[in-house]
Each structure stands twice: as C-alpha cells, then as structure tokens.
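The structure appears below as structure tokens.
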Amino acid sequence: MRRPSRSSRPAPPSRGRLTSYAVAALLTAAAAVVPSTAPAGAATGTPPQVYGAWHCGNDACTWATVRDMTDFDHANHWLIDRGDGRPSVNLVVLSFVNPLTLLNGTTNSGNADGVPVGMNQGVVNYFTSHGIRVMLSIGGITYTDDWNTALAQNPTLLGQRAAALASRLGVGIEIDYEQSSGPNTAGLQAFIDAYRAAHPYDASGADPTARLTIDVAAGDRWLIDLDQYASAHWLTTSGPVLDYANAMVPSKQPTAAGAESNWQEHLTGKANYSPAIPPLAPAKFTGSLYIAEGSQVRPECTDFPSSVTNGTSAWTQSAAPAGAGTSPGLLGYMFWAAERPATRGVTTVPPNSCEGGVGAGATSFNIPIPMPALRQS
C-alpha cells in the first residue's frame with residue numbers, strides 16, 4: 001500500500017526543538033527581511049486567516065497507536081509554541097481517516113469504531129486548549145479506492161458517521177478524495193448532504209463541527225472533474241456548501257513563481273474545458289507548501305525569510321478576483337506535513353521543528369489565534 005500523500009500530479013499531455021536564542025534570532029531575521037517583491041506581511045491586501053498544518057502522527061499518517069502525550073508534546077511542541085508562547089498555526093488537520101473503515105465502523109488493532117485510535121480526544125484537546133482549530137481528513141491518495149467503494153455502498157451513512165465523529169471529538173472534517181478521473185460526485189454530494197443535515201453551514205465559524213472543506217489539486221490540471229464540480233456547486237460565494245478548498249502541494253516544492261501560477265489557475269478557472277471550470281473566489285481556497293519533503297529540511301520549516309511562503313506572501317495577500325468573489329487575497333496557507341509524513345525522510349521532530357519557519361511566518365503575518373470568522377466573498 002502506498003502511503004497517503006498530498007500529491008497533485010500534472011495531467012498527462014492534451015502534487016530537537018530550536019533553542020530560545022535561535023528562535024529569537026530567526027524571528028528577528030523574519031521581521032527584518034526585505035524580499036525582492038515586497039516585505040512579508042506588508043502587501044496591500046488581506047492577511048491570511050487560515051494558517052494550518054496537516055499532521056501525520058508518528059507513523060506516516062495512519063495514527064494507528066494511542067500516543068503518550070509527553071512524547072507527543074516533545075515531537076509537536078512547536079505547533080503550540082513558536083518560541084514566545086504563541087502557537088505557530090491556527091489549524092491542525094489530523095490525516096487520515098479511511099472512509100471505508102469509517103463507514104463499516106471497523107475495530108481492529110489500529111482503529112476503534114472506524115477511527116484511528118491515535119485520533120482521540122487527548123490529541124484534539126492538546127491543540128484546542130491553545131486556541132488551535134482541529135479537523136480530521138478523510139481520505140488521502142492511498143484510500144482513493146476505499147472512497148470509491150464507500151461512496152458506491154452508502155454515501156449517506158458515511159456522511160452521517162463523519163458528522164457523528166465530528167460531534168464526538170468537536171472537530172471539523174476535510175474531504176480528501178483524490179480520484180483523478182470520473183469521481184463519484186453524486187455519491188460525494190450525498191455524503192455532503194448528510195453531513196450538512198447534521199451540521200449546517202456556519203459562516204460565523206463558531207461551531208467547529210460545521211467546518212467542512214475539500215482538497216483540490218495545486219492547479220486546475222489534475223482532479224479536473226472534482227475541481228469543476230466543487231467550484232461550480234460547493235464553493236460559490238452566493239450559496240456556499242463547503243467552507244473552502246485547499247489547493248494541495250504539487251509533486252515537489254514549487255518555486256514562488258510556480259506556486260503562484262498554480263494558484264492563479266483556480267482564480268481564473270478553465271473556460272476552455274468542457275464542462276468549464278469556473279473561477280474560484282480568492283476567499284474560497286488556501287495554497288499549500290511542504291515543510292517536510294524527502295530528505296530535506298525545507299525553509300518553510302526552519303527559515304521563513306528564505307521560504308517560498310515568504311516569497312509568495314505579497315501575491316497571496318493581494319491576488320485579485322478573476323470572475324468570482326469581491327475581496328483580494330487567498331484565504332491562507334496550509335503546510336504538508338507535521339511530525340512524520342513518510343516512513344522515510346525528514347520529519348518536523350526536534351531538531352527539525354518549525355518555529356523558525358511556520359512559526360516565524362505566523363509572527364510576520366500576525367496570524368489570528370483562534371481563527372476568526374472567515375471572509376465569505
């Protein structure tokens with residue numbers, strides 16, 4: 001089985017803790033840096049409202065063991081403390097729940113009533129007690145076939161069980177359904193209808209269980225059918241059904257220009273496709289970047305001034321609507337992924353923790369914690 005990933009592949013032709021001194025130095029550097037475009041956080045637009053990290057636990061996204069919370073804090077303290085007592089993020093998305101396991105209510109060595117045993121109230125409370133919103137991601141690319149099976153069997157019951165899970169833990173739900181062609185949008189519509197029957201759309205953001213989002217590709221050229229349907233039916237500003245979408249990471253960390261080009265595709269849409277992909281409002285999606293990728297510690301994690309996050313900051317805060325929405329600026333950033341996203345490669349565990357990257361960015365952007373009510377247009 002392939003590990004779950006945030007892959008956003010292009011379509012074929014025609015995805016130990018820093019010392020206090022080091023953290024302070026990086027925060028100072030982040031505040032002083034002057035990139036070639038504009039100072040970070042100084043764009044004449046809209047600062048990020050969503051600033052979050054997907055979290056894979058210590059076993060490459062299966063969450064198949066109950067964590068010792070002392071060890072969990074050692075591995076993840078940077079998320080709740082950027083070095084000055086404030087969290088580095090305002091959202092953590094625990095990844096992944098297997099949709100078929102959830103539908104069947106499976107209990108085995110790694111799951112209890114369909115949910116990974118590591119995704120428990122203790123882990124949720126670890127973050128929410130610091131003002132960080134928590135969501136659970138259902139899917140990931142490894143579980144694409146299981147999404148298809150579950151949606152074919154009983155999508156309404158799956159939506160009801162996802163809603164019940166959200167109620168039990170006090171969390172939101174993310175849909176990560178990476179079917180590259182011919183996704184079961186009718187089944188996914190039934191899943192969403194069932195979830196919304198229990199947790200109606202809440203523009204105020206006051207009810208964490210009402211937060212329901214979806215993942216799309218980095219740009220408009222992969223997950224095309226899902227992207228088209230979601231943009232046209234679930235992510236409009238006039239009648240929103242889902243809160244927002246995450247434009248996932250591509251196959252490797254992009255340059256700043258590459259990331260902006262991908263995200264611009266969502267803003268513009270694809271009028272030449274049949275059916276056309278309509279433009280997406282800037283307020284209806286986040287852009288995503290790697291913090292742990294292969295064998296490299298990314299600047300996203302440890303060096304905000306030289307990061308792609310910093311390099312794209314002026315653009316993401318001022319990106320103009322291109323046919324949908326009225327306010328400029330993407331909704332924010334998401335980072336893939338905290339702790340151990342793969343069985344091999346770098347982690348965000350000390351000494352590679354991310355106070356100097358994600359945390360310094362939170363300071364530069366003045367990220368609101370807790371997350372406020374999100375822009376609706």
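We label chains A, B, ... in the order they appear in the structure tokens, count residues from 1 in each chain, and number ligands from 1 in the order shown.
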Which segment 143-261 of chain A residues have any atom within 10 Å of an atom of segment 82-106 of chain A, and for each, what is the nearest pair of atoms with distance in Å to one decimal, counting only C-alpha atoms, rows sorted by chain and number, as JSON lines?
```
{"residue": "A:Tyr143", "atom": "CA", "partner": "A:Asn98", "partner_atom": "CA", "distance": 6.2}
{"residue": "A:Thr144", "atom": "CA", "partner": "A:Pro99", "partner_atom": "CA", "distance": 8.9}
{"residue": "A:Asp145", "atom": "CA", "partner": "A:Leu100", "partner_atom": "CA", "distance": 9.1}
{"residue": "A:Asp146", "atom": "CA", "partner": "A:Leu100", "partner_atom": "CA", "distance": 5.3}
{"residue": "A:Trp147", "atom": "CA", "partner": "A:Pro99", "partner_atom": "CA", "distance": 5.6}
{"residue": "A:Asn148", "atom": "CA", "partner": "A:Leu100", "partner_atom": "CA", "distance": 8.8}
{"residue": "A:Thr149", "atom": "CA", "partner": "A:Leu100", "partner_atom": "CA", "distance": 7.0}
{"residue": "A:Ala150", "atom": "CA", "partner": "A:Leu100", "partner_atom": "CA", "distance": 5.1}
{"residue": "A:Leu151", "atom": "CA", "partner": "A:Leu100", "partner_atom": "CA", "distance": 8.7}
{"residue": "A:Gln153", "atom": "CA", "partner": "A:Leu103", "partner_atom": "CA", "distance": 9.0}
{"residue": "A:Asn154", "atom": "CA", "partner": "A:Leu103", "partner_atom": "CA", "distance": 7.9}
{"residue": "A:Pro155", "atom": "CA", "partner": "A:Leu103", "partner_atom": "CA", "distance": 8.5}
{"residue": "A:Thr156", "atom": "CA", "partner": "A:Leu103", "partner_atom": "CA", "distance": 9.7}
{"residue": "A:Leu157", "atom": "CA", "partner": "A:Leu103", "partner_atom": "CA", "distance": 6.9}
{"residue": "A:Leu158", "atom": "CA", "partner": "A:Leu103", "partner_atom": "CA", "distance": 5.0}
{"residue": "A:Gly159", "atom": "CA", "partner": "A:Leu103", "partner_atom": "CA", "distance": 8.6}
{"residue": "A:Gln160", "atom": "CA", "partner": "A:Leu103", "partner_atom": "CA", "distance": 9.1}
{"residue": "A:Arg161", "atom": "CA", "partner": "A:Leu103", "partner_atom": "CA", "distance": 6.8}
{"residue": "A:Ala162", "atom": "CA", "partner": "A:Leu102", "partner_atom": "CA", "distance": 7.6}
{"residue": "A:Leu165", "atom": "CA", "partner": "A:Leu102", "partner_atom": "CA", "distance": 9.2}
{"residue": "A:Val171", "atom": "CA", "partner": "A:Val93", "partner_atom": "CA", "distance": 9.4}
{"residue": "A:Gly172", "atom": "CA", "partner": "A:Val93", "partner_atom": "CA", "distance": 8.8}
{"residue": "A:Ile173", "atom": "CA", "partner": "A:Val93", "partner_atom": "CA", "distance": 8.5}
{"residue": "A:Glu174", "atom": "CA", "partner": "A:Val93", "partner_atom": "CA", "distance": 7.9}
{"residue": "A:Ile175", "atom": "CA", "partner": "A:Pro99", "partner_atom": "CA", "distance": 9.7}
{"residue": "A:Asp176", "atom": "CA", "partner": "A:Phe96", "partner_atom": "CA", "distance": 8.8}
{"residue": "A:Tyr177", "atom": "CA", "partner": "A:Pro99", "partner_atom": "CA", "distance": 9.6}
```
May I have a table of the residues of segment 49-69 of chain A lying at most 12 Å from segment 348-351 of chain A, giving each one's closest pair of atoms and their distance in Å to one decimal, counting only C-alpha atoms, ordered by chain and ascending residue number, as JSON lines?
```
{"residue": "A:Ala53", "atom": "CA", "partner": "A:Thr348", "partner_atom": "CA", "distance": 11.2}
{"residue": "A:Trp54", "atom": "CA", "partner": "A:Thr348", "partner_atom": "CA", "distance": 11.7}
{"residue": "A:His55", "atom": "CA", "partner": "A:Thr348", "partner_atom": "CA", "distance": 10.1}
{"residue": "A:Cys56", "atom": "CA", "partner": "A:Thr348", "partner_atom": "CA", "distance": 10.5}
{"residue": "A:Gly57", "atom": "CA", "partner": "A:Thr348", "partner_atom": "CA", "distance": 10.5}
{"residue": "A:Asn58", "atom": "CA", "partner": "A:Val349", "partner_atom": "CA", "distance": 9.3}
```
Produce a file of the selected residues containing N, CA, C and O atoms, as a compact mmCIF listing (two decimals), in the first residue's frame.
```txt
# COMPACT_ATOMS: atom_id res chain seq x y z
N ALA A 53 -1.49 23.26 9.46
CA ALA A 53 -0.63 22.14 9.08
C ALA A 53 -1.43 20.85 9.10
O ALA A 53 -2.19 20.59 10.05
N TRP A 54 -1.27 20.05 8.04
CA TRP A 54 -1.70 18.67 8.11
C TRP A 54 -0.77 17.95 9.08
O TRP A 54 0.41 18.30 9.19
N HIS A 55 -1.28 16.95 9.77
CA HIS A 55 -0.49 16.25 10.78
C HIS A 55 -0.61 14.75 10.56
O HIS A 55 -1.71 14.21 10.52
N CYS A 56 0.54 14.08 10.42
CA CYS A 56 0.57 12.65 10.09
C CYS A 56 0.89 11.76 11.27
O CYS A 56 1.07 10.55 11.10
N GLY A 57 0.97 12.32 12.49
CA GLY A 57 1.36 11.49 13.61
C GLY A 57 2.79 10.98 13.45
O GLY A 57 3.57 11.51 12.65
N ASN A 58 3.13 9.92 14.18
CA ASN A 58 4.50 9.40 14.13
C ASN A 58 4.62 8.15 13.28
O ASN A 58 5.66 7.47 13.32
```
| remark: Using only C-alpha atoms, the best pick from A:Ala217, A:Leu280, A:Thr185, A:Gly140 as closest to Ala259 of chain A would be A:Ala217
| With only C-alpha atoms as the atoms that count, which of A:Trp234, A:Pro240, A:Lys252, A:Gly311 lies nearest to Asp202 of chain A? | A:Pro240
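Interatomic distance, atom CA of Phe285 of chain A to atom CA of Val308 of chain A: 17.7 Å.
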| strand (DSSP E) per DSSP on the backbone: members of segment 117-249 of chain A, as a PyMOL selection string | chain A and resi 133-139+172-176+212-216+245-247
Next, dump the selected residues to file, keeping only C-alpha atoms, as a JSON list (two decimals), in the first residue's frame.
```json
[["chain", "number", "residue", "atom", "x", "y", "z"],
["A", 133, "ARG", "CA", -8.84, 24.53, 15.48],
["A", 134, "VAL", "CA", -8.74, 20.79, 14.70],
["A", 135, "MET", "CA", -10.12, 18.90, 11.72],
["A", 136, "LEU", "CA", -9.88, 15.28, 10.59],
["A", 137, "SER", "CA", -9.03, 14.48, 6.97],
["A", 138, "ILE", "CA", -10.94, 11.60, 5.39],
["A", 139, "GLY", "CA", -9.03, 10.00, 2.53],
["A", 172, "GLY", "CA", -14.37, 19.68, 11.51],
["A", 173, "ILE", "CA", -13.97, 17.36, 8.53],
["A", 174, "GLU", "CA", -11.84, 17.62, 5.40],
["A", 175, "ILE", "CA", -12.68, 15.65, 2.24],
["A", 176, "ASP", "CA", -9.52, 14.35, 0.55],
["A", 212, "LEU", "CA", -16.38, 21.09, 6.08],
["A", 213, "THR", "CA", -13.69, 21.54, 3.43],
["A", 214, "ILE", "CA", -12.31, 19.77, 0.36],
["A", 215, "ASP", "CA", -8.90, 19.27, -1.21],
["A", 216, "VAL", "CA", -8.27, 20.06, -4.86],
["A", 245, "ALA", "CA", -10.86, 24.24, -0.62],
["A", 246, "ASN", "CA", -7.17, 23.53, -0.12],
["A", 247, "ALA", "CA", -5.03, 23.65, -3.25]]
```
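The spacing separating atom CA of His74 of chain A from atom CA of Cys61 of chain A amounts to 18.1 Å.
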| All residues 10 Å or closer to Gln49 of chain A, only C-alpha atoms, same chain fewer than 4 positions away omitted, as a ChimeraX atom specification | /A:90,283,286,330-333,365-375
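The smallest atom-to-atom distance between Ala152 of chain A and any of A:Met119, A:Ser181, A:His199, A:Ala186, using only C-alpha atoms, is found for A:Ala186.
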| field | Pairwise distance for atom CA of Ala203 of chain A and atom CA of Ala164 of chain A, rounded to one decimal in Å | value | 20.5 Å
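Nearest to Arg67 of chain A of all the residues A:Ile80, A:Ile132, A:Ile224, A:Val123 is A:Val123, counting only C-alpha atoms.
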| field | alpha helix (DSSP H) positions in segment 76-128 of chain A, given as JSON, numbers by chain | value | {"A": [76, 77, 78, 79, 80, 99, 100, 101, 102, 103, 104, 121, 122, 123, 124, 125, 126, 127, 128]}
Would you save the residues from that selection as a short mmCIF file (atom, residue, chain, number, x, y, z; two decimals), in the first residue's frame, using N, CA, C and O atoms?
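This went into part.cif:
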```
data_model
loop_
_atom_site.label_atom_id
_atom_site.label_comp_id
_atom_site.auth_asym_id
_atom_site.auth_seq_id
_atom_site.Cartn_x
_atom_site.Cartn_y
_atom_site.Cartn_z
N ASN A 76 5.87 17.72 18.99
CA ASN A 76 4.97 18.68 18.34
C ASN A 76 4.83 20.02 19.06
O ASN A 76 3.95 20.81 18.71
N HIS A 77 5.70 20.27 20.04
CA HIS A 77 5.54 21.48 20.84
C HIS A 77 5.59 22.76 20.00
O HIS A 77 4.94 23.76 20.32
N TRP A 78 6.34 22.69 18.91
CA TRP A 78 6.45 23.88 18.05
C TRP A 78 5.10 24.35 17.52
O TRP A 78 4.91 25.54 17.24
N LEU A 79 4.15 23.41 17.38
CA LEU A 79 2.83 23.80 16.86
C LEU A 79 2.08 24.67 17.85
O LEU A 79 1.32 25.56 17.43
N ILE A 80 2.28 24.44 19.15
CA ILE A 80 1.57 25.24 20.15
C ILE A 80 2.41 26.38 20.70
O ILE A 80 1.91 27.22 21.45
N PRO A 99 -12.09 6.17 4.66
CA PRO A 99 -13.56 6.30 4.55
C PRO A 99 -14.31 4.98 4.64
O PRO A 99 -15.41 4.93 5.20
N LEU A 100 -13.74 3.90 4.11
CA LEU A 100 -14.43 2.62 4.15
C LEU A 100 -14.40 2.04 5.57
O LEU A 100 -15.39 1.46 6.04
N THR A 101 -13.29 2.24 6.26
CA THR A 101 -13.21 1.82 7.65
C THR A 101 -14.22 2.58 8.51
O THR A 101 -14.88 2.01 9.38
N LEU A 102 -14.37 3.89 8.22
CA LEU A 102 -15.35 4.69 8.95
C LEU A 102 -16.77 4.22 8.65
O LEU A 102 -17.59 4.08 9.56
N LEU A 103 -17.06 3.98 7.38
CA LEU A 103 -18.40 3.51 7.01
C LEU A 103 -18.74 2.20 7.70
O LEU A 103 -19.85 2.03 8.22
N ASN A 104 -17.78 1.28 7.76
CA ASN A 104 -18.03 -0.03 8.34
C ASN A 104 -17.92 -0.05 9.86
O ASN A 104 -18.23 -1.07 10.49
N GLN A 121 -9.51 12.14 21.87
CA GLN A 121 -9.82 13.42 22.50
C GLN A 121 -8.60 14.09 23.11
O GLN A 121 -8.47 15.31 23.10
N GLY A 122 -7.66 13.27 23.61
CA GLY A 122 -6.46 13.84 24.18
C GLY A 122 -5.65 14.64 23.18
O GLY A 122 -5.16 15.74 23.47
N VAL A 123 -5.50 14.10 21.97
CA VAL A 123 -4.77 14.80 20.92
C VAL A 123 -5.53 16.06 20.48
O VAL A 123 -4.95 17.13 20.29
N VAL A 124 -6.83 15.93 20.30
CA VAL A 124 -7.64 17.09 19.92
C VAL A 124 -7.52 18.19 20.97
O VAL A 124 -7.27 19.37 20.65
N ASN A 125 -7.65 17.83 22.24
CA ASN A 125 -7.59 18.82 23.31
C ASN A 125 -6.22 19.46 23.43
O ASN A 125 -6.11 20.63 23.84
N TYR A 126 -5.17 18.73 23.07
CA TYR A 126 -3.81 19.28 23.10
C TYR A 126 -3.76 20.56 22.26
O TYR A 126 -3.13 21.55 22.65
N PHE A 127 -4.43 20.53 21.12
CA PHE A 127 -4.42 21.70 20.24
C PHE A 127 -5.51 22.72 20.59
O PHE A 127 -5.25 23.92 20.65
N THR A 128 -6.72 22.26 20.82
CA THR A 128 -7.82 23.20 21.07
C THR A 128 -7.61 23.99 22.36
O THR A 128 -8.05 25.13 22.47
#
```
All residues 10 Å or closer to Ser238 of chain A, only C-alpha atoms, same chain fewer than 4 positions away omitted, as a PDB file with C-alpha atoms, in the first residue's frame:
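So result_18.pdb came out as:
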```pdb
ATOM      1  CA  ALA A 324     -15.601  35.153  -8.601  1.00  0.00           C
ATOM      2  CA  GLY A 325     -15.622  36.898  -5.236  1.00  0.00           C
ATOM      3  CA  GLN A 376     -17.264  34.995   2.656  1.00  0.00           C
ATOM      4  CA  SER A 377     -16.643  36.869  -0.591  1.00  0.00           C
TER       5      SER A 377
END
```
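In terms of minimum interatomic distance to Thr316 of chain A, A:Pro48 ranks closest within A:Gly359, A:Gly345, A:Pro279, A:Pro48, counting only C-alpha atoms.
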